[in-house]
file data33.pdb (PDB, C-alpha atoms)
MODEL        1
ATOM      1  CA  MET A 359      46.717 191.315  39.548
ATOM      2  CA  SER A 360      48.865 192.783  42.304
ATOM      3  CA  ARG A 361      47.503 195.775  44.176
ATOM      4  CA  LEU A 362      49.552 198.215  46.211
ATOM      5  CA  VAL A 363      47.981 198.484  49.653
ATOM      6  CA  VAL A 364      48.606 199.952  53.096
ATOM      7  CA  ARG A 365      47.196 198.023  56.030
ATOM      8  CA  SER A 366      46.790 198.661  59.763
ATOM      9  CA  PHE A 367      48.453 202.067  59.543
ATOM     10  CA  GLY A 368      48.023 203.913  62.808
ATOM     11  CA  MET A 369      47.093 207.591  62.842
ATOM     12  CA  SER A 370      46.347 209.882  65.766
ATOM     13  CA  ILE A 371      43.257 212.053  65.832
ATOM     14  CA  ASP A 372      45.503 215.029  65.046
ATOM     15  CA  GLY A 373      46.938 213.364  61.956
ATOM     16  CA  TYR A 374      50.308 211.919  63.008
ATOM     17  CA  SER A 375      51.468 208.424  62.095
ATOM     18  CA  ALA A 376      54.699 208.423  64.080
ATOM     19  CA  GLY A 377      55.974 210.289  67.084
ATOM     20  CA  PRO A 378      59.013 212.601  66.989
ATOM     21  CA  ASN A 379      62.633 211.602  67.617
ATOM     22  CA  GLN A 380      62.783 208.042  66.330
ATOM     23  CA  SER A 381      65.684 206.154  67.891
ATOM     24  CA  LEU A 382      66.807 202.677  68.843
ATOM     25  CA  ASP A 383      64.815 203.032  72.072
ATOM     26  CA  ASN A 384      61.815 204.621  70.319
ATOM     27  CA  PRO A 385      61.358 202.905  66.934
ATOM     28  CA  LEU A 386      57.906 204.511  66.504
ATOM     29  CA  GLY A 387      59.066 207.852  67.884
ATOM     30  CA  VAL A 388      58.214 209.328  71.272
ATOM     31  CA  ASN A 389      54.644 208.289  72.185
ATOM     32  CA  GLY A 390      54.387 206.461  68.855
ATOM     33  CA  PRO A 391      53.306 203.123  70.402
ATOM     34  CA  GLU A 392      50.004 204.783  71.334
ATOM     35  CA  LEU A 393      49.131 204.633  67.624
ATOM     36  CA  MET A 394      49.344 200.855  67.586
ATOM     37  CA  ASP A 395      47.802 200.102  70.974
ATOM     38  CA  TRP A 396      44.708 198.753  69.208
ATOM     39  CA  PHE A 397      46.899 196.115  67.522
ATOM     40  CA  PHE A 398      48.914 195.102  70.594
ATOM     41  CA  HIS A 399      45.760 193.783  72.301
ATOM     42  CA  THR A 400      44.690 191.501  69.445
ATOM     43  CA  HIS A 401      45.018 187.750  69.250
ATOM     44  CA  VAL A 402      46.852 188.262  65.928
ATOM     45  CA  TRP A 403      49.601 190.263  67.632
ATOM     46  CA  ARG A 404      49.947 187.866  70.549
ATOM     47  CA  GLU A 405      50.082 184.870  68.251
ATOM     48  CA  MET A 406      52.843 186.543  66.216
ATOM     49  CA  HIS A 407      54.879 186.817  69.426
ATOM     50  CA  GLN A 408      54.068 183.315  70.722
ATOM     51  CA  GLN A 409      51.893 184.723  73.491
ATOM     52  CA  PRO A 410      48.545 183.283  74.607
ATOM     53  CA  GLY A 411      45.194 185.035  74.562
ATOM     54  CA  GLY A 412      44.395 188.382  72.995
ATOM     55  CA  ASP A 413      41.173 190.049  71.911
ATOM     56  CA  THR A 414      39.138 188.467  69.114
ATOM     57  CA  GLY A 415      36.765 191.300  68.185
ATOM     58  CA  VAL A 416      36.620 193.770  65.306
ATOM     59  CA  ASP A 417      40.185 195.037  65.739
ATOM     60  CA  ASN A 418      41.498 191.483  65.575
ATOM     61  CA  ASP A 419      39.469 190.624  62.471
ATOM     62  CA  ILE A 420      40.802 193.667  60.627
ATOM     63  CA  ALA A 421      44.371 193.006  61.778
ATOM     64  CA  LYS A 422      44.073 189.478  60.412
ATOM     65  CA  GLU A 423      42.678 190.797  57.132
ATOM     66  CA  GLY A 424      45.764 192.982  56.786
ATOM     67  CA  PHE A 425      48.050 189.972  56.345
ATOM     68  CA  GLU A 426      45.948 188.162  53.743
ATOM     69  CA  ASN A 427      47.135 187.782  50.153
ATOM     70  CA  MET A 428      50.495 189.479  50.750
ATOM     71  CA  GLY A 429      53.186 188.618  48.218
ATOM     72  CA  ALA A 430      55.759 191.318  48.982
ATOM     73  CA  TRP A 431      56.349 194.360  51.184
ATOM     74  CA  ILE A 432      57.932 197.779  50.674
ATOM     75  CA  LEU A 433      59.545 199.619  53.597
ATOM     76  CA  GLY A 434      61.162 203.013  53.911
ATOM     77  CA  ARG A 435      64.718 203.169  55.199
ATOM     78  CA  ASN A 436      63.572 204.535  58.567
ATOM     79  CA  MET A 437      61.055 201.699  58.921
ATOM     80  CA  PHE A 438      63.916 199.239  58.561
ATOM     81  CA  GLY A 439      66.058 200.837  61.244
ATOM     82  CA  PRO A 440      67.472 203.957  62.928
ATOM     83  CA  ILE A 441      70.739 204.060  60.955
ATOM     84  CA  ARG A 442      71.118 207.081  58.675
ATOM     85  CA  GLY A 443      73.483 207.638  55.763
ATOM     86  CA  ALA A 444      75.846 204.999  54.408
ATOM     87  CA  TRP A 445      75.654 201.538  55.957
ATOM     88  CA  PRO A 446      78.615 201.281  58.367
ATOM     89  CA  ASP A 447      78.534 197.477  58.086
ATOM     90  CA  ASP A 448      76.065 194.614  57.584
ATOM     91  CA  HIS A 449      75.309 194.158  61.281
ATOM     92  CA  TRP A 450      71.858 195.823  61.368
ATOM     93  CA  LYS A 451      69.154 193.492  60.014
ATOM     94  CA  GLY A 452      66.003 195.212  61.237
ATOM     95  CA  TRP A 453      64.074 195.680  64.469
ATOM     96  CA  TRP A 454      62.566 192.198  64.495
ATOM     97  CA  GLY A 455      65.259 189.692  65.425
ATOM     98  CA  ASP A 456      66.161 186.631  63.374
ATOM     99  CA  GLU A 457      62.614 186.051  62.046
ATOM    100  CA  PRO A 458      60.867 189.237  60.855
ATOM    101  CA  PRO A 459      57.059 189.212  60.535
ATOM    102  CA  TYR A 460      57.004 189.579  56.720
ATOM    103  CA  HIS A 461      57.763 186.029  55.428
ATOM    104  CA  VAL A 462      57.972 187.242  51.816
ATOM    105  CA  PRO A 463      60.419 189.367  49.766
ATOM    106  CA  THR A 464      60.666 192.825  51.347
ATOM    107  CA  PHE A 465      62.052 195.840  49.503
ATOM    108  CA  VAL A 466      63.718 198.644  51.470
ATOM    109  CA  LEU A 467      64.013 202.115  49.939
ATOM    110  CA  THR A 468      67.467 203.584  50.468
ATOM    111  CA  HIS A 469      70.048 205.851  48.844
ATOM    112  CA  HIS A 470      72.854 203.459  49.792
ATOM    113  CA  ALA A 471      73.338 200.091  48.127
ATOM    114  CA  ARG A 472      73.556 196.922  50.161
ATOM    115  CA  SER A 473      73.451 193.205  49.379
ATOM    116  CA  PRO A 474      70.195 191.318  50.077
ATOM    117  CA  VAL A 475      69.753 189.894  53.564
ATOM    118  CA  ALA A 476      68.003 186.533  53.922
ATOM    119  CA  MET A 477      66.289 185.934  57.274
ATOM    120  CA  LYS A 478      64.454 183.055  58.910
ATOM    121  CA  GLY A 479      60.825 182.466  57.970
ATOM    122  CA  GLY A 480      61.079 183.413  54.290
ATOM    123  CA  THR A 481      61.868 187.134  54.588
ATOM    124  CA  THR A 482      64.616 188.482  52.344
ATOM    125  CA  PHE A 483      65.390 192.185  52.530
ATOM    126  CA  HIS A 484      66.289 193.744  49.170
ATOM    127  CA  PHE A 485      67.707 197.270  49.163
ATOM    128  CA  VAL A 486      66.450 199.469  46.334
ATOM    129  CA  THR A 487      68.285 202.658  45.384
ATOM    130  CA  GLY A 488      66.181 203.518  42.323
ATOM    131  CA  GLY A 489      63.232 205.122  44.123
ATOM    132  CA  ILE A 490      59.578 204.262  44.716
ATOM    133  CA  HIS A 491      58.755 203.186  41.153
ATOM    134  CA  ALA A 492      61.703 200.801  40.968
ATOM    135  CA  ALA A 493      60.792 199.290  44.344
ATOM    136  CA  LEU A 494      57.183 198.813  43.241
ATOM    137  CA  GLU A 495      58.220 197.169  39.978
ATOM    138  CA  GLN A 496      60.501 194.739  41.788
ATOM    139  CA  ALA A 497      57.957 194.031  44.511
ATOM    140  CA  LYS A 498      55.168 193.288  42.037
ATOM    141  CA  ALA A 499      57.451 190.945  40.112
ATOM    142  CA  ALA A 500      58.256 189.106  43.348
ATOM    143  CA  ALA A 501      54.637 189.039  44.569
ATOM    144  CA  GLY A 502      53.472 186.632  41.870
ATOM    145  CA  GLY A 503      50.072 188.267  41.467
ATOM    146  CA  ARG A 504      49.443 188.760  45.174
ATOM    147  CA  ASP A 505      49.272 192.188  46.814
ATOM    148  CA  VAL A 506      52.216 194.387  47.712
ATOM    149  CA  ARG A 507      51.955 196.064  51.128
ATOM    150  CA  VAL A 508      53.658 199.339  51.970
ATOM    151  CA  GLY A 509      54.601 198.973  55.607
ATOM    152  CA  GLY A 510      55.731 202.563  56.177
ATOM    153  CA  GLY A 511      56.915 204.795  57.493
ATOM    154  CA  ALA A 512      54.740 207.839  56.993
ATOM    155  CA  ALA A 513      57.105 209.538  54.538
ATOM    156  CA  THR A 514      57.142 206.458  52.308
ATOM    157  CA  VAL A 515      53.351 206.138  52.330
ATOM    158  CA  ARG A 516      53.091 209.851  51.477
ATOM    159  CA  GLN A 517      55.357 209.396  48.458
ATOM    160  CA  TYR A 518      53.217 206.581  47.088
ATOM    161  CA  LEU A 519      49.995 208.480  47.800
ATOM    162  CA  ARG A 520      51.292 211.631  46.113
ATOM    163  CA  ALA A 521      52.070 209.539  43.028
ATOM    164  CA  ALA A 522      48.556 207.981  43.243
ATOM    165  CA  LEU A 523      50.104 204.515  43.197
ATOM    166  CA  ILE A 524      48.341 203.124  46.276
ATOM    167  CA  ASP A 525      45.132 201.251  45.459
ATOM    168  CA  GLU A 526      43.824 201.116  49.036
ATOM    169  CA  ILE A 527      44.965 202.423  52.398
ATOM    170  CA  HIS A 528      43.573 201.283  55.737
ATOM    171  CA  LEU A 529      43.977 203.848  58.505
ATOM    172  CA  ALA A 530      43.491 202.764  62.103
ATOM    173  CA  VAL A 531      42.552 206.120  63.629
ATOM    174  CA  ARG A 532      43.311 206.168  67.335
ATOM    175  CA  PRO A 533      41.580 208.494  69.840
ATOM    176  CA  VAL A 534      44.890 209.951  71.016
ATOM    177  CA  VAL A 535      46.658 213.281  70.465
ATOM    178  CA  LEU A 536      50.396 213.174  69.711
ATOM    179  CA  GLY A 537      50.898 216.909  69.217
ATOM    180  CA  SER A 538      53.935 216.446  66.962
ATOM    181  CA  GLY A 539      55.652 213.823  64.858
ATOM    182  CA  GLU A 540      55.247 212.611  61.265
ATOM    183  CA  SER A 541      52.080 213.944  59.657
ATOM    184  CA  LEU A 542      50.601 211.529  57.157
ATOM    185  CA  LEU A 543      48.098 213.537  55.110
ATOM    186  CA  ALA A 544      49.204 217.174  55.476
ATOM    187  CA  ASP A 545      49.316 218.955  52.083
ATOM    188  CA  LEU A 546      47.905 215.908  50.290
ATOM    189  CA  ASP A 547      44.646 216.502  48.394
ATOM    190  CA  LEU A 548      43.330 212.947  48.360
ATOM    191  CA  ARG A 549      40.174 213.907  46.481
ATOM    192  CA  GLU A 550      42.214 215.542  43.726
ATOM    193  CA  LEU A 551      44.481 212.498  43.626
ATOM    194  CA  GLY A 552      41.441 210.305  43.008
ATOM    195  CA  TYR A 553      40.797 208.792  46.426
ATOM    196  CA  GLU A 554      37.551 208.284  48.320
ATOM    197  CA  VAL A 555      36.413 206.592  51.525
ATOM    198  CA  ALA A 556      35.169 203.115  50.699
ATOM    199  CA  ARG A 557      34.141 201.972  54.187
ATOM    200  CA  TYR A 558      34.722 202.557  57.864
ATOM    201  CA  VAL A 559      34.306 200.277  60.847
ATOM    202  CA  ALA A 560      34.411 201.098  64.556
ATOM    203  CA  GLY A 561      36.688 198.721  66.409
ATOM    204  CA  GLU A 562      37.303 198.358  70.104
ATOM    205  CA  ARG A 563      40.295 200.722  70.185
ATOM    206  CA  ALA A 564      40.398 202.360  66.732
ATOM    207  CA  LEU A 565      38.207 203.586  63.909
ATOM    208  CA  HIS A 566      39.165 201.679  60.772
ATOM    209  CA  VAL A 567      38.894 203.786  57.622
ATOM    210  CA  PHE A 568      39.483 202.288  54.172
ATOM    211  CA  ILE A 569      40.340 204.772  51.406
ATOM    212  CA  ARG A 570      40.479 203.572  47.800
ATOM    213  CA  ARG A 571      41.646 205.027  44.538
ATOM    214  CA  ARG A 572      38.730 205.416  42.167
ATOM    215  CA  VAL A 573      38.963 203.150  39.137
TER
ENDMDL
END
call {"tool": "encode", "arguments": {"input": "data33.pdb", "output": "structure tokens"}}
result
Amino acid sequence: MSRLVVRSFGMSIDGYSAGPNQSLDNPLGVNGPELMDWFFHTHVWREMHQQPGGDTGVDNDIAKEGFENMGAWILGRNMFGPIRGAWPDDHWKGWWGDEPPYHVPTFVLTHHARSPVAMKGGTTFHFVTGGIHAALEQAKAAAGGRDVRVGGGAATVRQYLRAALIDEIHLAVRPVVLGSGESLLADLDLRELGYEVARYVAGERALHVFIRRRV
């Protein structure tokens, strides 16, 4: 049965999962890359970008785990790109070039309809205007029993957490202070929503915390 999961989601020690002022030059917001610095050093990351080497310790093992058994992804509109409002044209196809890292059907939450976009490597972006439940229904149908991964951004993860639809979320807590940006857990009572910490593992550059919804 498909689960809805969040994997490798960076969070600063002061609770932010993206920096402020996202733009074409700052897709993760100002100082946002500091949240994912643990990932950029791994062999998994370097292999994804056809680069040699990379660390092969705990961080790498958990990064690799995050891509296992994925049948579909869900992304927020801001995760897909910096364009706001109605689509001016079909030119923008994501941050990732001709071959995005998803390789499965990927569902983008938006208020503005757009035709699906097929990319190299098996990724097809589908644009869902019916909200988080509609996106989840479509993603689970496409996943064929495998897991559905919510890739972000923070606002999208918050929506699914508030609805108690996420089965497990993996937070990679980085020892950095952003000071401002997109807060992930503010005003969310995870205990009341039925979540608990299932395990935590200290990596080389992040503390990996796995939070699950109680069955």
call {"tool": "axis_aligned_box", "arguments": {"input": "data33.pdb", "around": "region 438-455 of chain A", "padding_each_side": "3 Å", "output": "AutoDock Vina command-line options"}}
result
--center_x 70.6 --center_y 198.7 --center_z 59.9 --size_x 22.0 --size_y 23.9 --size_z 17.0
call {"tool": "closest_atom_pairs", "arguments": {"input": "data33.pdb", "of": "region 427-482 of chain A", "to": "region 405-420 of chain A", "cutoff": "12 Å", "atoms": "only C-alpha atoms", "output": "tab-separated table"}}
result
residue	atom	partner	partner_atom	distance
A:Trp454	CA	A:His407	CA	10.6
A:Gly455	CA	A:His407	CA	11.5
A:Glu457	CA	A:Met406	CA	10.6
A:Pro458	CA	A:Met406	CA	10.0
A:Pro459	CA	A:Met406	CA	7.6
A:Tyr460	CA	A:Met406	CA	10.8
A:His461	CA	A:Met406	CA	11.9
call {"tool": "resolve_selection", "arguments": {"input": "data33.pdb", "expression": "the PyMOL selection byres ((chain A and resi 493-504) around 9)", "output": "ChimeraX atom specification"}}
result
/A:359-362,427-432,462-467,485-492,505-506
call {"tool": "resolve_selection", "arguments": {"input": "data33.pdb", "expression": "the PyMOL selection byres ((chain A and resi 521) around 12)", "output": "MDAnalysis selection string"}}
result
chainID A and resid 490:491 494 514:520 522:525 546:548 550:553 571
call {"tool": "resolve_selection", "arguments": {"input": "data33.pdb", "expression": "the PyMOL selection byres ((chain A and resi 389-403) around 10)", "output": "number ranges by chain"}}
result
A: 366-371, 374-380, 384-388, 404-422, 425, 530-540, 561-565
call {"tool": "atom_distance", "arguments": {"input": "data33.pdb", "atom1": "CA of Ser381 (chain A)", "atom2": "CA of Val567 (chain A)"}}
result
28.8 Å
call {"tool": "build_atoms", "arguments": {"input": "data33.pdb", "residues": "region 377-388 of chain A", "atoms": "all heavy atoms", "output": "tab-separated table (two decimals), keeping the file's coordinate frame"}}
result
chain	number	residue	atom	x	y	z
A	377	GLY	N	55.57	209.25	66.16
A	377	GLY	CA	55.97	210.29	67.08
A	377	GLY	C	57.30	210.89	66.68
A	377	GLY	O	57.99	210.39	65.78
A	378	PRO	N	57.73	211.98	67.32
A	378	PRO	CA	59.01	212.60	66.99
A	378	PRO	C	60.18	211.81	67.57
A	378	PRO	O	60.02	210.96	68.43
A	378	PRO	CB	58.90	213.98	67.65
A	378	PRO	CG	58.00	213.74	68.83
A	378	PRO	CD	56.99	212.71	68.37
A	379	ASN	N	61.38	212.09	67.05
A	379	ASN	CA	62.63	211.60	67.62
A	379	ASN	C	62.74	210.08	67.62
A	379	ASN	O	62.98	209.46	68.65
A	379	ASN	CB	62.82	212.14	69.05
A	379	ASN	CG	62.78	213.65	69.12
A	379	ASN	OD1	63.34	214.34	68.25
A	379	ASN	ND2	62.10	214.19	70.12
A	380	GLN	N	62.57	209.48	66.44
A	380	GLN	CA	62.78	208.04	66.33
A	380	GLN	C	64.21	207.71	66.73
A	380	GLN	O	65.15	208.42	66.41
A	380	GLN	CB	62.53	207.57	64.90
A	380	GLN	CG	62.65	206.06	64.74
A	380	GLN	CD	62.88	205.63	63.30
A	380	GLN	OE1	63.60	206.29	62.57
A	380	GLN	NE2	62.25	204.54	62.90
A	381	SER	N	64.36	206.60	67.45
A	381	SER	CA	65.68	206.15	67.89
A	381	SER	C	65.62	204.65	68.14
A	381	SER	O	64.57	204.02	68.02
A	381	SER	CB	66.10	206.88	69.18
A	381	SER	OG	65.25	206.51	70.26
A	382	LEU	N	66.77	204.10	68.52
A	382	LEU	CA	66.81	202.68	68.84
A	382	LEU	C	65.85	202.34	69.97
A	382	LEU	O	65.21	201.28	69.97
A	382	LEU	CB	68.24	202.28	69.21
A	382	LEU	CG	68.52	200.78	69.40
A	382	LEU	CD1	68.24	200.02	68.11
A	382	LEU	CD2	69.96	200.55	69.83
A	383	ASP	N	65.72	203.26	70.94
A	383	ASP	CA	64.82	203.03	72.07
A	383	ASP	C	63.37	203.38	71.74
A	383	ASP	O	62.45	202.95	72.45
A	383	ASP	CB	65.27	203.86	73.28
A	383	ASP	CG	66.60	203.39	73.83
A	383	ASP	OD1	66.88	202.18	73.73
A	383	ASP	OD2	67.37	204.23	74.34
A	384	ASN	N	63.16	204.20	70.71
A	384	ASN	CA	61.82	204.62	70.32
A	384	ASN	C	61.61	204.42	68.82
A	384	ASN	O	61.61	205.38	68.04
A	384	ASN	CB	61.60	206.11	70.67
A	384	ASN	CG	61.57	206.36	72.16
A	384	ASN	OD1	60.63	205.96	72.84
A	384	ASN	ND2	62.61	207.00	72.66
A	385	PRO	N	61.47	203.16	68.38
A	385	PRO	CA	61.36	202.90	66.93
A	385	PRO	C	60.15	203.56	66.28
A	385	PRO	O	60.17	203.83	65.07
A	385	PRO	CB	61.29	201.37	66.85
A	385	PRO	CG	60.90	200.92	68.22
A	385	PRO	CD	61.46	201.93	69.16
A	386	LEU	N	59.08	203.83	67.04
A	386	LEU	CA	57.91	204.51	66.50
A	386	LEU	C	57.90	206.00	66.87
A	386	LEU	O	56.89	206.68	66.66
A	386	LEU	CB	56.62	203.84	67.01
A	386	LEU	CG	56.41	202.39	66.59
A	386	LEU	CD1	55.13	201.83	67.22
A	386	LEU	CD2	56.34	202.25	65.08
A	387	GLY	N	59.01	206.48	67.40
A	387	GLY	CA	59.07	207.85	67.88
A	387	GLY	C	58.48	207.96	69.28
A	387	GLY	O	57.82	207.05	69.79
A	388	VAL	N	58.74	209.10	69.92
A	388	VAL	CA	58.21	209.33	71.27
A	388	VAL	C	56.68	209.31	71.24
A	388	VAL	O	56.06	209.98	70.42
A	388	VAL	CB	58.73	210.67	71.82
A	388	VAL	CG1	58.11	210.96	73.18
A	388	VAL	CG2	60.25	210.67	71.92
